[in-house]
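One file, work28.cif, is given below (mmCIF, C-alpha atoms).
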```cif
data_input
loop_
_atom_site.label_atom_id
_atom_site.label_comp_id
_atom_site.auth_asym_id
_atom_site.auth_seq_id
_atom_site.Cartn_x
_atom_site.Cartn_y
_atom_site.Cartn_z
CA ASP A 260 33.09 -24.76 40.54
CA VAL A 261 34.54 -25.73 37.21
CA LYS A 262 37.78 -24.04 36.53
CA VAL A 263 39.32 -23.63 33.12
CA THR A 264 42.69 -21.96 33.06
CA GLN A 265 44.76 -20.70 30.16
CA SER A 266 48.50 -20.35 30.36
CA SER A 267 48.70 -16.68 29.44
CA ARG A 268 46.34 -13.71 29.41
CA TYR A 269 48.48 -11.74 26.97
CA LEU A 270 51.08 -12.94 24.52
CA VAL A 271 53.22 -11.12 21.97
CA LYS A 272 54.99 -13.18 19.32
CA ARG A 273 56.78 -12.51 16.07
CA THR A 274 55.79 -13.76 12.64
CA GLY A 275 57.11 -17.25 12.04
CA GLU A 276 57.42 -18.21 15.70
CA LYS A 277 55.89 -21.40 16.99
CA VAL A 278 53.28 -20.59 19.61
CA PHE A 279 51.80 -22.85 22.26
CA LEU A 280 48.57 -21.98 24.04
CA GLU A 281 47.78 -24.23 26.95
CA CYS A 282 44.41 -24.93 28.52
CA VAL A 283 43.72 -26.96 31.64
CA GLN A 284 40.37 -27.92 33.17
CA ASP A 285 39.88 -29.46 36.58
CA MET A 286 36.48 -31.15 36.26
CA ASP A 287 37.27 -34.30 34.34
CA HIS A 288 35.39 -33.07 31.28
CA GLU A 289 35.53 -35.19 28.18
CA ASN A 290 35.14 -32.35 25.69
CA MET A 291 37.51 -29.47 25.15
CA PHE A 292 37.40 -26.69 22.58
CA TRP A 293 39.52 -23.92 21.13
CA TYR A 294 37.88 -20.82 19.67
CA ARG A 295 39.14 -17.57 18.34
CA GLN A 296 37.14 -14.40 18.76
CA ASP A 297 37.43 -11.44 16.44
CA PRO A 298 35.35 -8.25 16.32
CA GLY A 299 32.29 -8.66 14.15
CA LEU A 300 32.91 -12.37 13.62
CA GLY A 301 31.96 -13.76 17.00
CA LEU A 302 33.46 -17.00 18.20
CA ARG A 303 34.74 -19.41 15.61
CA LEU A 304 35.66 -22.96 16.46
CA ILE A 305 39.20 -23.97 15.57
CA TYR A 306 39.43 -27.51 16.95
CA PHE A 307 37.72 -29.64 19.52
CA SER A 308 38.47 -32.88 21.27
CA TYR A 309 36.07 -35.35 22.87
CA ASP A 310 38.67 -37.68 24.31
CA VAL A 311 42.35 -38.03 24.97
CA LYS A 312 44.35 -38.15 21.75
CA MET A 313 41.18 -37.42 19.74
CA LYS A 314 40.67 -34.22 17.79
CA GLU A 315 38.20 -32.84 15.31
CA LYS A 316 38.51 -29.86 13.03
CA GLY A 317 36.20 -26.95 13.58
CA ASP A 318 35.36 -24.19 11.15
CA ILE A 319 38.82 -22.63 10.84
CA PRO A 320 41.57 -25.20 11.53
CA GLU A 321 44.02 -23.90 8.91
CA GLY A 322 47.29 -22.76 10.43
CA TYR A 323 46.58 -24.48 13.75
CA SER A 324 47.12 -27.87 15.32
CA VAL A 325 46.16 -29.28 18.69
CA SER A 326 47.35 -31.83 21.17
CA ARG A 327 45.50 -33.68 23.89
CA GLU A 328 47.80 -36.10 25.67
CA LYS A 329 45.95 -35.89 28.99
CA LYS A 330 42.27 -35.49 29.66
CA GLU A 331 42.66 -32.23 31.54
CA ARG A 332 44.93 -30.47 29.07
CA PHE A 333 44.28 -29.26 25.54
CA SER A 334 46.98 -27.36 23.68
CA LEU A 335 46.63 -25.15 20.64
CA ILE A 336 49.71 -24.82 18.48
CA LEU A 337 50.44 -22.19 15.88
CA GLU A 338 53.21 -23.82 13.88
CA SER A 339 54.33 -20.58 12.25
CA ALA A 340 52.50 -17.56 13.60
CA SER A 341 51.21 -15.00 11.15
CA THR A 342 49.78 -11.53 11.70
CA ASN A 343 46.29 -12.70 10.74
CA GLN A 344 46.35 -14.97 13.78
CA THR A 345 46.32 -11.97 16.07
CA SER A 346 43.17 -12.59 18.05
CA MET A 347 41.57 -13.51 21.34
CA TYR A 348 41.78 -17.26 21.91
CA LEU A 349 39.25 -18.94 24.17
CA CYS A 350 39.39 -22.44 25.53
CA ALA A 351 36.30 -24.23 26.81
CA SER A 352 35.35 -27.60 28.23
CA SER A 353 32.10 -29.48 28.63
CA PRO A 354 31.23 -32.68 30.47
CA ARG A 355 29.74 -34.86 27.78
CA VAL A 356 29.78 -35.65 24.08
CA GLY A 357 27.02 -33.84 22.24
CA GLY A 358 25.74 -30.31 22.11
CA ALA A 359 23.40 -30.21 25.08
CA GLU A 360 25.98 -29.58 27.72
CA THR A 361 27.10 -26.20 28.98
CA GLN A 362 30.55 -25.07 27.94
CA TYR A 363 32.84 -23.60 30.58
CA PHE A 364 35.29 -21.03 29.33
CA GLY A 365 38.72 -19.95 30.36
CA PRO A 366 39.58 -16.24 30.67
CA GLY A 367 41.09 -16.08 27.20
CA THR A 368 44.51 -15.36 25.76
CA ARG A 369 44.96 -12.21 23.74
CA LEU A 370 47.65 -12.95 21.18
CA LEU A 371 49.42 -10.28 19.19
CA VAL A 372 51.60 -11.41 16.29
CA LEU A 373 54.01 -8.75 15.06
CA SER B 665 26.96 -21.72 8.45
CA GLN B 666 24.59 -22.49 11.28
CA GLN B 667 25.93 -19.55 13.24
CA GLY B 668 23.34 -17.58 15.13
CA GLU B 669 22.94 -13.87 14.72
CA GLU B 670 22.07 -11.54 17.55
CA ASP B 671 20.08 -8.40 17.15
CA PRO B 672 20.71 -5.61 17.91
CA GLN B 673 24.48 -5.51 17.68
CA ALA B 674 24.58 -2.87 20.40
CA LEU B 675 22.06 -1.71 22.98
CA SER B 676 22.29 1.11 25.52
CA ILE B 677 19.71 1.51 28.29
CA GLN B 678 19.27 3.18 31.64
CA GLU B 679 19.60 1.23 34.84
CA GLY B 680 16.26 -0.22 35.86
CA GLU B 681 14.99 -0.62 32.30
CA ASN B 682 14.48 -3.95 30.62
CA ALA B 683 16.84 -5.15 27.91
CA THR B 684 15.75 -7.45 25.10
CA MET B 685 18.05 -9.06 22.62
CA ASN B 686 17.23 -11.50 19.89
CA CYS B 687 18.91 -14.42 18.23
CA SER B 688 18.11 -15.99 14.89
CA TYR B 689 19.56 -19.22 13.60
CA LYS B 690 19.39 -21.20 10.41
CA THR B 691 18.90 -24.90 10.99
CA SER B 692 17.11 -27.21 13.42
CA ILE B 693 18.50 -27.37 16.92
CA ASN B 694 18.25 -29.52 20.02
CA ASN B 695 18.81 -26.65 22.37
CA LEU B 696 19.87 -23.03 22.51
CA GLN B 697 22.02 -21.40 25.16
CA TRP B 698 22.78 -17.83 26.13
CA TYR B 699 26.17 -16.71 27.40
CA ARG B 700 27.53 -13.46 28.79
CA GLN B 701 31.01 -12.08 28.27
CA ASN B 702 32.43 -9.26 30.29
CA SER B 703 34.99 -7.14 28.49
CA GLY B 704 38.19 -9.05 27.79
CA ARG B 705 37.06 -12.16 29.64
CA GLY B 706 35.77 -15.63 28.85
CA LEU B 707 32.11 -16.47 28.36
CA VAL B 708 29.84 -17.47 31.20
CA HIS B 709 26.79 -19.65 30.69
CA LEU B 710 23.48 -18.02 31.59
CA ILE B 711 20.65 -20.29 30.56
CA LEU B 712 19.76 -23.23 28.32
CA ILE B 713 16.42 -23.78 26.63
CA ARG B 714 15.58 -27.03 24.89
CA SER B 715 13.81 -27.22 21.57
CA ASN B 716 10.61 -28.53 23.18
CA GLU B 717 10.45 -25.58 25.58
CA ARG B 718 8.96 -22.22 24.73
CA GLU B 719 9.98 -20.13 27.71
CA LYS B 720 12.37 -20.35 30.59
CA HIS B 721 13.17 -18.13 33.56
CA SER B 722 16.22 -17.74 35.73
CA GLY B 723 16.22 -14.86 38.19
CA ARG B 724 15.95 -11.66 36.14
CA LEU B 725 16.44 -13.55 32.89
CA ARG B 726 13.65 -14.71 30.64
CA VAL B 727 14.35 -16.67 27.48
CA THR B 728 11.86 -17.56 24.80
CA LEU B 729 12.29 -19.91 21.90
CA ASP B 730 10.25 -20.06 18.71
CA THR B 731 11.48 -23.00 16.68
CA SER B 732 9.04 -22.25 13.85
CA LYS B 733 10.73 -18.88 13.35
CA LYS B 734 14.16 -20.17 14.35
CA SER B 735 14.55 -17.39 16.85
CA SER B 736 15.08 -16.79 20.54
CA SER B 737 14.99 -13.77 22.75
CA LEU B 738 16.71 -12.93 26.02
CA LEU B 739 15.03 -10.46 28.33
CA ILE B 740 16.90 -8.98 31.27
CA THR B 741 14.52 -7.23 33.63
CA ALA B 742 15.38 -4.35 35.95
CA SER B 743 18.84 -4.03 34.47
CA ARG B 744 21.86 -3.09 36.54
CA ALA B 745 25.17 -1.51 35.63
CA ALA B 746 26.77 -4.90 36.32
CA ASP B 747 24.76 -6.36 33.41
CA THR B 748 26.96 -4.40 31.02
CA ALA B 749 28.52 -7.09 28.85
CA SER B 750 28.22 -8.83 25.51
CA TYR B 751 25.58 -11.51 25.17
CA PHE B 752 25.81 -14.46 22.82
CA CYS B 753 23.43 -17.15 21.79
CA ALA B 754 24.80 -20.58 20.99
CA THR B 755 23.06 -23.36 19.12
CA ASP B 756 24.04 -26.99 18.98
CA GLY B 757 24.45 -29.24 16.04
CA ASN B 758 27.47 -31.33 15.32
CA GLN B 759 29.28 -28.64 17.21
CA PHE B 760 28.45 -25.45 19.03
CA TYR B 761 27.73 -22.35 16.97
CA PHE B 762 27.97 -18.95 18.58
CA GLY B 763 26.45 -15.76 17.28
CA THR B 764 28.32 -12.48 16.91
CA GLY B 765 26.86 -11.05 20.10
CA THR B 766 24.88 -8.08 21.40
CA SER B 767 26.86 -5.48 23.31
CA LEU B 768 24.72 -4.21 26.19
CA THR B 769 25.57 -1.02 28.07
CA VAL B 770 23.57 -0.21 31.18
CA ILE B 771 23.97 3.40 32.21
CA PRO B 772 23.81 4.02 35.98
#
```
Is it possible to give me this structure as structure tokens?
Amino acid sequence: DVKVTQSSRYLVKRTGEKVFLECVQDMDHENMFWYRQDPGLGLRLIYFSYDVKMKEKGDIPEGYSVSREKKERFSLILESASTNQTSMYLCASSPRVGGAETQYFGPGTRLLVL
Amino acid sequence: SQQGEEDPQALSIQEGENATMNCSYKTSINNLQWYRQNSGRGLVHLILIRSNEREKHSGRLRVTLDTSKKSSSLLITASRAADTASYFCATDGNQFYFGTGTSLTVIP
């Protein structure tokens, strides 16, 4: 089975802190994604990557950056956390470029920024 | 936005009843997928239907797709308490677009 793991289930940070959310997948997938999920807004794509060192902006990249130095790992970085970044963050991976492939999700990280 | 929209937002049924939820989207797609999310967890893929398909089955799940109306429906037959979750449709394009979800509660 595909396994996507996220470094933390719950995280509490203070405004202005730099926050790292890590995601690792074990199935050699090319594509990896970061979403945030907020009540009433569904899932919104922050960034995605289809190869090592490659990244593409999603719908809401402002305030975030990403890093993909290795194929299995995709990191989301909040350079200076703000309270409006309190959310559930979901990482996903899929095995091929293009939209036809199933995405496999991690368990999510619930981030609270105080 | 190409984001899909599920309808209803919330649905409560008795165990054993069928549950139907709908998804509408805005632009042409290659395929549409349905996912389930248990409370506080990640999403799990349920079923994919391609744009040239009209209906697909998987166990107790039945998905239909009407590309002329840009809509899809997910039917869960003989629902169980364990089906309690949020259900999302996702459409492809340059990237994946997820809807806002239908929250299903199955009462034992």
- Query: Got a sec to check which residues sit within 10 Å of (15.9, -2.9, 36.6), counting all atoms listed in the file, and write them as a list in words?
  - Reply: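 The requested residues, written out, are Gln678, Glu679, Gly680, Glu681, Asn682, Ala683, Arg724, Ile740, Thr741, Ala742, Ser743, Arg744, Ala745 and Val770 of chain B.
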Tell me which residues the PyMOL selection byres ((chain B) within 12 of (chain A)) grabs here, as a ChimeraX atom specification.
/B:665-670,673-674,693-715,750-767
Export, as a JSON list (two decimals), in the coordinates of the input, the selected residues with C-alpha atoms.
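The resulting file, part01.json, is shown below:
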```json
[["chain", "number", "residue", "atom", "x", "y", "z"],
["B", 665, "SER", "CA", 26.96, -21.72, 8.45],
["B", 666, "GLN", "CA", 24.59, -22.49, 11.28],
["B", 667, "GLN", "CA", 25.93, -19.55, 13.24],
["B", 668, "GLY", "CA", 23.34, -17.58, 15.13],
["B", 669, "GLU", "CA", 22.94, -13.87, 14.72],
["B", 670, "GLU", "CA", 22.07, -11.54, 17.55],
["B", 673, "GLN", "CA", 24.48, -5.51, 17.68],
["B", 674, "ALA", "CA", 24.58, -2.87, 20.40],
["B", 693, "ILE", "CA", 18.50, -27.37, 16.92],
["B", 694, "ASN", "CA", 18.25, -29.52, 20.02],
["B", 695, "ASN", "CA", 18.81, -26.65, 22.37],
["B", 696, "LEU", "CA", 19.87, -23.03, 22.51],
["B", 697, "GLN", "CA", 22.02, -21.40, 25.16],
["B", 698, "TRP", "CA", 22.78, -17.83, 26.13],
["B", 699, "TYR", "CA", 26.17, -16.71, 27.40],
["B", 700, "ARG", "CA", 27.53, -13.46, 28.79],
["B", 701, "GLN", "CA", 31.01, -12.08, 28.27],
["B", 702, "ASN", "CA", 32.43, -9.26, 30.29],
["B", 703, "SER", "CA", 34.99, -7.14, 28.49],
["B", 704, "GLY", "CA", 38.19, -9.05, 27.79],
["B", 705, "ARG", "CA", 37.06, -12.16, 29.64],
["B", 706, "GLY", "CA", 35.77, -15.63, 28.85],
["B", 707, "LEU", "CA", 32.11, -16.47, 28.36],
["B", 708, "VAL", "CA", 29.84, -17.47, 31.20],
["B", 709, "HIS", "CA", 26.79, -19.65, 30.69],
["B", 710, "LEU", "CA", 23.48, -18.02, 31.59],
["B", 711, "ILE", "CA", 20.65, -20.29, 30.56],
["B", 712, "LEU", "CA", 19.76, -23.23, 28.32],
["B", 713, "ILE", "CA", 16.42, -23.78, 26.63],
["B", 714, "ARG", "CA", 15.58, -27.03, 24.89],
["B", 715, "SER", "CA", 13.81, -27.22, 21.57],
["B", 750, "SER", "CA", 28.22, -8.83, 25.51],
["B", 751, "TYR", "CA", 25.58, -11.51, 25.17],
["B", 752, "PHE", "CA", 25.81, -14.46, 22.82],
["B", 753, "CYS", "CA", 23.43, -17.15, 21.79],
["B", 754, "ALA", "CA", 24.80, -20.58, 20.99],
["B", 755, "THR", "CA", 23.06, -23.36, 19.12],
["B", 756, "ASP", "CA", 24.04, -26.99, 18.98],
["B", 757, "GLY", "CA", 24.45, -29.24, 16.04],
["B", 758, "ASN", "CA", 27.47, -31.33, 15.32],
["B", 759, "GLN", "CA", 29.28, -28.64, 17.21],
["B", 760, "PHE", "CA", 28.45, -25.45, 19.03],
["B", 761, "TYR", "CA", 27.73, -22.35, 16.97],
["B", 762, "PHE", "CA", 27.97, -18.95, 18.58],
["B", 763, "GLY", "CA", 26.45, -15.76, 17.28],
["B", 764, "THR", "CA", 28.32, -12.48, 16.91],
["B", 765, "GLY", "CA", 26.86, -11.05, 20.10],
["B", 766, "THR", "CA", 24.88, -8.08, 21.40],
["B", 767, "SER", "CA", 26.86, -5.48, 23.31]]
```
Apply the PyMOL selection byres ((chain A and resi 269-286) around 9) to the file shown and report the selected residues as a compact mmCIF listing (two decimals) with C-alpha atoms, in the frame of the given file.
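New file selection.txt:
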```txt
# COMPACT_ATOMS: atom_id res chain seq x y z
CA ASP A 260 33.09 -24.76 40.54
CA VAL A 261 34.54 -25.73 37.21
CA LYS A 262 37.78 -24.04 36.53
CA VAL A 263 39.32 -23.63 33.12
CA THR A 264 42.69 -21.96 33.06
CA GLN A 265 44.76 -20.70 30.16
CA SER A 266 48.50 -20.35 30.36
CA SER A 267 48.70 -16.68 29.44
CA ARG A 268 46.34 -13.71 29.41
CA ASP A 287 37.27 -34.30 34.34
CA HIS A 288 35.39 -33.07 31.28
CA MET A 291 37.51 -29.47 25.15
CA TRP A 293 39.52 -23.92 21.13
CA LYS A 330 42.27 -35.49 29.66
CA GLU A 331 42.66 -32.23 31.54
CA ARG A 332 44.93 -30.47 29.07
CA PHE A 333 44.28 -29.26 25.54
CA SER A 334 46.98 -27.36 23.68
CA LEU A 335 46.63 -25.15 20.64
CA ILE A 336 49.71 -24.82 18.48
CA LEU A 337 50.44 -22.19 15.88
CA GLU A 338 53.21 -23.82 13.88
CA SER A 339 54.33 -20.58 12.25
CA ALA A 340 52.50 -17.56 13.60
CA SER A 341 51.21 -15.00 11.15
CA THR A 342 49.78 -11.53 11.70
CA TYR A 348 41.78 -17.26 21.91
CA CYS A 350 39.39 -22.44 25.53
CA ALA A 351 36.30 -24.23 26.81
CA SER A 352 35.35 -27.60 28.23
CA SER A 353 32.10 -29.48 28.63
CA PRO A 354 31.23 -32.68 30.47
CA GLY A 365 38.72 -19.95 30.36
CA GLY A 367 41.09 -16.08 27.20
CA THR A 368 44.51 -15.36 25.76
CA ARG A 369 44.96 -12.21 23.74
CA LEU A 370 47.65 -12.95 21.18
CA LEU A 371 49.42 -10.28 19.19
CA VAL A 372 51.60 -11.41 16.29
CA LEU A 373 54.01 -8.75 15.06
```
inquiry  = With all atoms listed in the file as the counted atoms, please give the residues lying no more than 6 Å from Leu725 (chain B), apart from itself and same-chain residues fewer than 3 positions off, as a list in words.
reply    =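 Close residues of Leu725 (chain B): His721, Ser722, Leu739 and Ile740 of chain B.
Between Val727 (chain B) and the candidates B:Ser676, B:Thr691, B:Thr748, B:Thr684, the tightest atom-to-atom separation, counting all atoms listed in the file, involves B:Thr684.
Compared by their closest atoms to Glu289 (chain A), and using only C-alpha atoms, the residues A:Arg327, A:Ser346, A:Ile319, A:Tyr306 rank with A:Arg327 nearest.
The space separating CA of Ile677 (chain B) from CA of Arg726 (chain B) comes to 17.5 Å.
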